[in-house]
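Have a look at the structure below before the remarks.
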Amino acid sequence: MKKERNKNPVQPVSGTKVPRFAGPSTFARLPELRDVESCDVAIVGIPFDAGTSYRPGARFGPMSIRQASRHLRTNYHPSYDVEPFKVQQVADAGDITCNPFNINEAIKQIEEGATELLDKVGGIISLGGDHTIALPLLRAINKMNNGPVALVHFDAHLDTWDTYFGAPYTHGTPFRRAREENLFLDDASMHVGIRGPLYSRDDIKNDEEFGFKIIHCDEFQTQGTDKIAERIRKRVGNNPLYLSIDIDVLDPAFAPGTGTPEIAGMTTREMVNVIRGLSGLNLISADVVEVSPAYDHAEVTSLAAATIVYELTNLFAKVKR
């Protein structure tokens with residue numbers, strides 16, 4: 001059931017009154033969840049990276065995304081013609097604490113933390129953390145939605161491996177496990193931005209059997225962002241939508257600070273314009289993952305992630321209630 005939108009939201013600290021480099025350390029200097037009476041959208045950090053297969057460090061992603069978000073001017077977005085923090089209550093819910101040494105326990109903690117949060121708010125945007133977190137988040141979303149959702153997954157990689165070094169829960173396996181648990185709609189889900197070589201010919205074949213359609217990154221050369229967005233809209237339809245965005249869907253030129261960078265990726269302009277093309281879809285929650293600030297330069301990756309999160313708050317603002 002859709003919750004009625006908060007009519008008197010507490011807004012972020014104004015950049016015209018307090019310089020953007022000062023003030024609260026929350027995302028975009030939003031109020032903390034504990035300081036608002038009710039909340040439409042919560043921003044929550046999940047500092048977990050024990051599922052990474054190459055470069056670790058995404059546990060520091062939530063902190064770096066929040067820091068970079070200070071740079072944003074968040075009052076009004078002309079592309080959506082909306083004041084996202086005036087028409088809905090958005091708040092920072094802090095971080096979900098999870099065990100950095102035990103993946104199984106961490107997955108359980110993330111699911112419980114997200115489920116508890118979704119009992120209080122209308123939807124969540126999770127700041128990763130590595131992509132392992134998508135599985136427990138989808139479990140929590142299914143409880144809230146009373147069933148599977150449309151899943152649109154922006155990533156360089158399919159993340160539908162069976163195991164990695166015998167481990168069933170890694171950042172390369174969440175959507176294989178999610179398919180096994182029927183957490184997403186196999187006729188309304190897709191990958192966007194996939195590219196590069198694979199471990200096996202069977203990777204694509206197996207992925208198709210799970211119900212995913214693929215928009216390969218090379219297709220951006222021949223199709224504009226409006227056409228890409230329209231293909232996503234057609235696939236999703238009116239179904240409740242979960243967006244999962246791995247920052248490595250962006251080319252390393254735009255997002256060097258990530259664990260498994262792949263060349264020939266999307267530009268930030270392409271990314272935000274595809275997101276804007278999804279305005280009006282029934283978005284119910286999302287995640288932005290795999291920001292690893294130790295490999296970043298001048299906060300380029302963190303700023304890209306923070307901007308994407310802000311774009312998502314605008315998508316939430318355009319969902320009809």
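Identifiers in the structure tokens: chain A, B, ... in order shown; residue index from 1 per chain; ligand index from 1 in order shown.
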
* Give me the residues within 10 Å of Thr163 of chain A as a PyMOL selection string, counting only C-alpha atoms and dropping any in the same chain fewer than 4 places off. => chain A and resi 167-170+172-174+176-177

* Running DSSP on the backbone, which parts of segment 58-208 of chain A land in helix (DSSP H, G or I), as a PyMOL selection string? -> chain A and resi 58-69+103-118+131-145+174-180+202-208

Produce a file of the selected residues containing C-alpha atoms, as a CSV table (one decimal), in the first residue's frame.
```
chain,number,residue,atom,x,y,z
A,58,ALA,CA,33.5,0.0,-0.5
A,59,ARG,CA,32.8,-0.1,3.2
A,60,PHE,CA,33.9,3.6,3.1
A,61,GLY,CA,31.4,4.4,0.3
A,62,PRO,CA,28.5,5.7,2.4
A,63,MET,CA,30.8,8.2,4.2
A,64,SER,CA,32.4,9.4,1.0
A,65,ILE,CA,29.0,9.8,-0.8
A,66,ARG,CA,27.7,11.9,2.1
A,67,GLN,CA,30.8,14.1,2.1
A,68,ALA,CA,30.5,14.6,-1.7
A,69,SER,CA,26.8,15.4,-1.4
A,103,ILE,CA,28.9,-12.6,5.3
A,104,ASN,CA,26.0,-14.8,6.3
A,105,GLU,CA,25.4,-12.9,9.5
A,106,ALA,CA,25.9,-9.5,7.7
A,107,ILE,CA,23.3,-10.5,5.1
A,108,LYS,CA,20.8,-11.3,7.9
A,109,GLN,CA,21.6,-8.0,9.7
A,110,ILE,CA,21.1,-6.0,6.5
A,111,GLU,CA,17.8,-7.7,5.8
A,112,GLU,CA,16.6,-7.1,9.3
A,113,GLY,CA,17.8,-3.5,9.4
A,114,ALA,CA,16.2,-2.7,6.0
A,115,THR,CA,12.9,-4.4,7.0
A,116,GLU,CA,12.7,-2.4,10.2
A,117,LEU,CA,13.4,0.8,8.4
A,118,LEU,CA,10.8,0.1,5.7
A,131,HIS,CA,26.8,-5.3,-4.4
A,132,THR,CA,26.3,-8.3,-2.0
A,133,ILE,CA,23.9,-6.0,-0.1
A,134,ALA,CA,21.3,-6.1,-3.0
A,135,LEU,CA,20.2,-9.6,-2.0
A,136,PRO,CA,19.1,-8.8,1.6
A,137,LEU,CA,17.7,-5.5,0.4
A,138,LEU,CA,15.5,-7.2,-2.2
A,139,ARG,CA,14.3,-9.7,0.5
A,140,ALA,CA,13.2,-6.7,2.7
A,141,ILE,CA,11.6,-5.0,-0.3
A,142,ASN,CA,9.6,-8.1,-1.1
A,143,LYS,CA,8.2,-8.2,2.4
A,144,MET,CA,7.1,-4.6,2.1
A,145,ASN,CA,5.7,-5.1,-1.4
A,174,PRO,CA,23.3,-11.5,-5.6
A,175,PHE,CA,20.9,-11.7,-8.6
A,176,ARG,CA,21.4,-15.5,-9.0
A,177,ARG,CA,20.3,-15.9,-5.4
A,178,ALA,CA,17.5,-13.4,-5.9
A,179,ARG,CA,16.2,-15.4,-8.9
A,180,GLU,CA,16.3,-18.6,-6.8
A,202,ASP,CA,27.1,-19.9,-20.4
A,203,ASP,CA,27.0,-16.6,-18.4
A,204,ILE,CA,24.7,-15.0,-21.0
A,205,LYS,CA,22.7,-18.1,-21.6
A,206,ASN,CA,22.1,-18.6,-17.8
A,207,ASP,CA,21.2,-14.9,-17.4
A,208,GLU,CA,18.5,-15.1,-20.1
```

* Got a sec to tell me which of segment 232-262 of chain A DSSP assigns to strand (DSSP E or B), as a VMD selection string? -> chain A and resid 241 to 246 250 258

For the selection just defined, write its residues with C-alpha atoms to a file, as a PDB file, in the first residue's frame.
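The result, stored in part01.pdb:
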```pdb
ATOM      1  CA  LEU A 241      10.368  -0.838  -9.362  1.00  0.00           C
ATOM      2  CA  TYR A 242      13.631  -1.457  -7.556  1.00  0.00           C
ATOM      3  CA  LEU A 243      16.716   0.235  -9.034  1.00  0.00           C
ATOM      4  CA  SER A 244      20.148  -1.216  -8.249  1.00  0.00           C
ATOM      5  CA  ILE A 245      23.016   0.950  -9.497  1.00  0.00           C
ATOM      6  CA  ASP A 246      26.615  -0.222  -9.411  1.00  0.00           C
ATOM      7  CA  LEU A 250      30.185   4.344 -15.447  1.00  0.00           C
ATOM      8  CA  THR A 258      35.436   1.369  -7.583  1.00  0.00           C
TER       9      THR A 258
END
```

Taking a cut-off of 12 Å and counting only C-alpha atoms, can you build a table that, for each residue of segment 189-289 of chain A near segment 31-42 of chain A, reports the nearest atom pair and how far apart they are in Å (one decimal), sorted by chain then residue number, as a Markdown table?
```
| residue | atom | partner | partner_atom | distance |
| --- | --- | --- | --- | --- |
| A:Leu283 | CA | A:Val41 | CA | 11.0 |
| A:Ile284 | CA | A:Val41 | CA | 9.3 |
| A:Ser285 | CA | A:Val41 | CA | 8.5 |
| A:Ala286 | CA | A:Val41 | CA | 10.4 |
| A:Asp287 | CA | A:Ala42 | CA | 11.4 |
```

How about saving the chosen residues, N, CA and C atoms kept, as a PDB file, in the first residue's frame?
```pdb
ATOM      1  N   LEU A 283       8.714   3.785  -8.588  1.00  0.00           N
ATOM      2  CA  LEU A 283       9.928   3.476  -7.833  1.00  0.00           C
ATOM      3  C   LEU A 283       9.591   3.297  -6.358  1.00  0.00           C
ATOM      4  N   ILE A 284      10.032   2.157  -5.777  1.00  0.00           N
ATOM      5  CA  ILE A 284       9.746   1.937  -4.361  1.00  0.00           C
ATOM      6  C   ILE A 284      11.007   1.907  -3.497  1.00  0.00           C
ATOM      7  N   SER A 285      12.159   1.626  -4.081  1.00  0.00           N
ATOM      8  CA  SER A 285      13.430   1.703  -3.351  1.00  0.00           C
ATOM      9  C   SER A 285      14.571   1.549  -4.343  1.00  0.00           C
ATOM     10  N   ALA A 286      15.804   1.813  -3.871  1.00  0.00           N
ATOM     11  CA  ALA A 286      16.962   1.769  -4.767  1.00  0.00           C
ATOM     12  C   ALA A 286      18.239   1.629  -3.957  1.00  0.00           C
ATOM     13  N   ASP A 287      19.316   1.268  -4.655  1.00  0.00           N
ATOM     14  CA  ASP A 287      20.628   1.302  -4.028  1.00  0.00           C
ATOM     15  C   ASP A 287      21.656   1.848  -5.014  1.00  0.00           C
TER      16      ASP A 287
END
```

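Of the listed residues (A:Ile263, A:Met190, A:Val289, A:Leu185), A:Val289 comes nearest to Val44 of chain A; the distances count only C-alpha atoms.
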
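Closest approach to Phe48 of chain A among A:Glu209, A:Asp296, A:Asp226, A:Glu290 is made by A:Glu290 (distances from only C-alpha atoms).
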
* For Pro84 of chain A, work out the shell of residues within 8 Å, counting only C-alpha atoms and skipping chain neighbours fewer than 5 positions away, then give it as a PyMOL selection string. => chain A and resi 74-77+313-314+317

* To do: Do a neighbour search on segment 5-20 of chain A at 6 Å with only C-alpha atoms, toss out local chain neighbours closer than 2 positions, and write the hits as a list in words.
  => Ala22, Arg29, Leu30, Arg70, Phe85, Gln88 and Gln89 of chain A

Output N, CA and C atoms for every residue in that selection, as a compact mmCIF listing (two decimals), in the first residue's frame.
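The new file result.txt reads:
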```txt
# COMPACT_ATOMS: atom_id res chain seq x y z
N ALA A 22 30.11 23.33 5.45
CA ALA A 22 29.88 23.29 6.90
C ALA A 22 28.54 22.62 7.17
N ARG A 29 23.03 17.24 3.78
CA ARG A 29 22.73 17.99 5.02
C ARG A 29 21.24 17.91 5.37
N LEU A 30 20.65 16.76 5.05
CA LEU A 30 19.26 16.49 5.40
C LEU A 30 19.12 16.27 6.91
N ARG A 70 27.63 17.28 -0.09
CA ARG A 70 27.64 18.67 0.37
C ARG A 70 27.70 19.63 -0.82
N PHE A 85 12.80 18.04 -1.86
CA PHE A 85 12.79 18.00 -0.41
C PHE A 85 11.69 18.87 0.19
N GLN A 88 8.25 16.11 -0.28
CA GLN A 88 8.33 14.85 0.45
C GLN A 88 9.38 14.98 1.55
N GLN A 89 9.21 14.21 2.59
CA GLN A 89 10.20 14.20 3.66
C GLN A 89 11.29 13.18 3.34
```

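Going from atom CA of Pro240 of chain A to atom CA of Gly224 of chain A covers 25.1 Å.
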
* Counting only C-alpha atoms, what is within 10 Å of Leu281 of chain A, bar same-chain residues fewer than 5 positions away, as a list in words? -> Arg233, Val236, Gly237, Asn238, Asn239, Pro240, Leu241, Leu315, Phe316, Lys318, Val319 and Lys320 of chain A

Dump C-alpha atoms for the selected residues as a PDB file, in the first residue's frame?
```pdb
ATOM      1  CA  ARG A 233       9.924   1.932 -19.200  1.00  0.00           C
ATOM      2  CA  VAL A 236       8.981  -2.260 -16.258  1.00  0.00           C
ATOM      3  CA  GLY A 237       5.458  -1.098 -17.052  1.00  0.00           C
ATOM      4  CA  ASN A 238       3.353  -0.254 -14.003  1.00  0.00           C
ATOM      5  CA  ASN A 239       5.115  -2.721 -11.728  1.00  0.00           C
ATOM      6  CA  PRO A 240       6.748  -1.589  -8.474  1.00  0.00           C
ATOM      7  CA  LEU A 241      10.368  -0.838  -9.362  1.00  0.00           C
ATOM      8  CA  LEU A 315      12.239  10.183  -9.096  1.00  0.00           C
ATOM      9  CA  PHE A 316      10.584   9.470  -5.748  1.00  0.00           C
ATOM     10  CA  LYS A 318       7.479  12.256  -9.176  1.00  0.00           C
ATOM     11  CA  VAL A 319       5.873   8.965  -8.109  1.00  0.00           C
ATOM     12  CA  LYS A 320       2.121   9.468  -7.940  1.00  0.00           C
TER      13      LYS A 320
END
```

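Between atom CA of Asn146 of chain A and atom CA of Asp95 of chain A the interatomic distance comes to 25.0 Å.
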
For segment 227-230 of chain A, work out the shell of residues within 9 Å, counting only C-alpha atoms and skipping chain neighbours fewer than 2 positions away, then give it as a short mmCIF file (atom, residue, chain, number, x, y, z; two decimals) with N, CA and C atoms, in the first residue's frame.
```
data_model
loop_
_atom_site.label_atom_id
_atom_site.label_comp_id
_atom_site.auth_asym_id
_atom_site.auth_seq_id
_atom_site.Cartn_x
_atom_site.Cartn_y
_atom_site.Cartn_z
N VAL A 192 21.37 -2.99 -17.44
CA VAL A 192 21.71 -1.87 -18.31
C VAL A 192 23.21 -1.56 -18.13
N ILE A 215 20.49 -4.43 -21.92
CA ILE A 215 20.89 -3.29 -22.76
C ILE A 215 22.40 -3.18 -22.62
N GLU A 219 25.28 -0.28 -27.00
CA GLU A 219 24.05 0.21 -27.64
C GLU A 219 23.86 1.72 -27.45
N PHE A 220 24.57 2.29 -26.47
CA PHE A 220 24.49 3.74 -26.29
C PHE A 220 25.11 4.48 -27.47
N GLN A 223 21.94 4.34 -29.96
CA GLN A 223 20.64 4.76 -29.45
C GLN A 223 20.83 5.87 -28.42
N GLY A 224 20.01 6.88 -28.50
CA GLY A 224 20.08 7.96 -27.52
C GLY A 224 19.54 7.54 -26.18
N THR A 225 19.80 8.34 -25.16
CA THR A 225 19.33 8.02 -23.81
C THR A 225 17.81 7.98 -23.72
N ILE A 232 13.47 0.71 -21.13
CA ILE A 232 13.34 0.34 -19.72
C ILE A 232 11.90 0.52 -19.26
N ARG A 233 11.30 1.65 -19.61
CA ARG A 233 9.92 1.93 -19.20
C ARG A 233 8.97 0.85 -19.73
N LYS A 234 9.18 0.45 -20.98
CA LYS A 234 8.32 -0.57 -21.58
C LYS A 234 8.45 -1.90 -20.84
N ARG A 235 9.67 -2.22 -20.45
CA ARG A 235 9.93 -3.48 -19.75
C ARG A 235 9.31 -3.48 -18.35
N ASN A 273 20.71 11.16 -17.57
CA ASN A 273 19.61 11.35 -18.51
C ASN A 273 18.75 10.12 -18.65
N VAL A 274 19.33 8.92 -18.52
CA VAL A 274 18.50 7.73 -18.49
C VAL A 274 17.63 7.73 -17.23
N ILE A 275 18.21 8.08 -16.09
CA ILE A 275 17.43 8.15 -14.85
C ILE A 275 16.28 9.14 -15.01
N ARG A 276 16.55 10.30 -15.57
CA ARG A 276 15.50 11.30 -15.75
C ARG A 276 14.40 10.79 -16.66
N GLY A 277 14.77 9.92 -17.60
CA GLY A 277 13.78 9.33 -18.51
C GLY A 277 12.87 8.33 -17.84
N LEU A 278 13.16 7.96 -16.58
CA LEU A 278 12.33 7.02 -15.85
C LEU A 278 11.32 7.71 -14.94
#
```
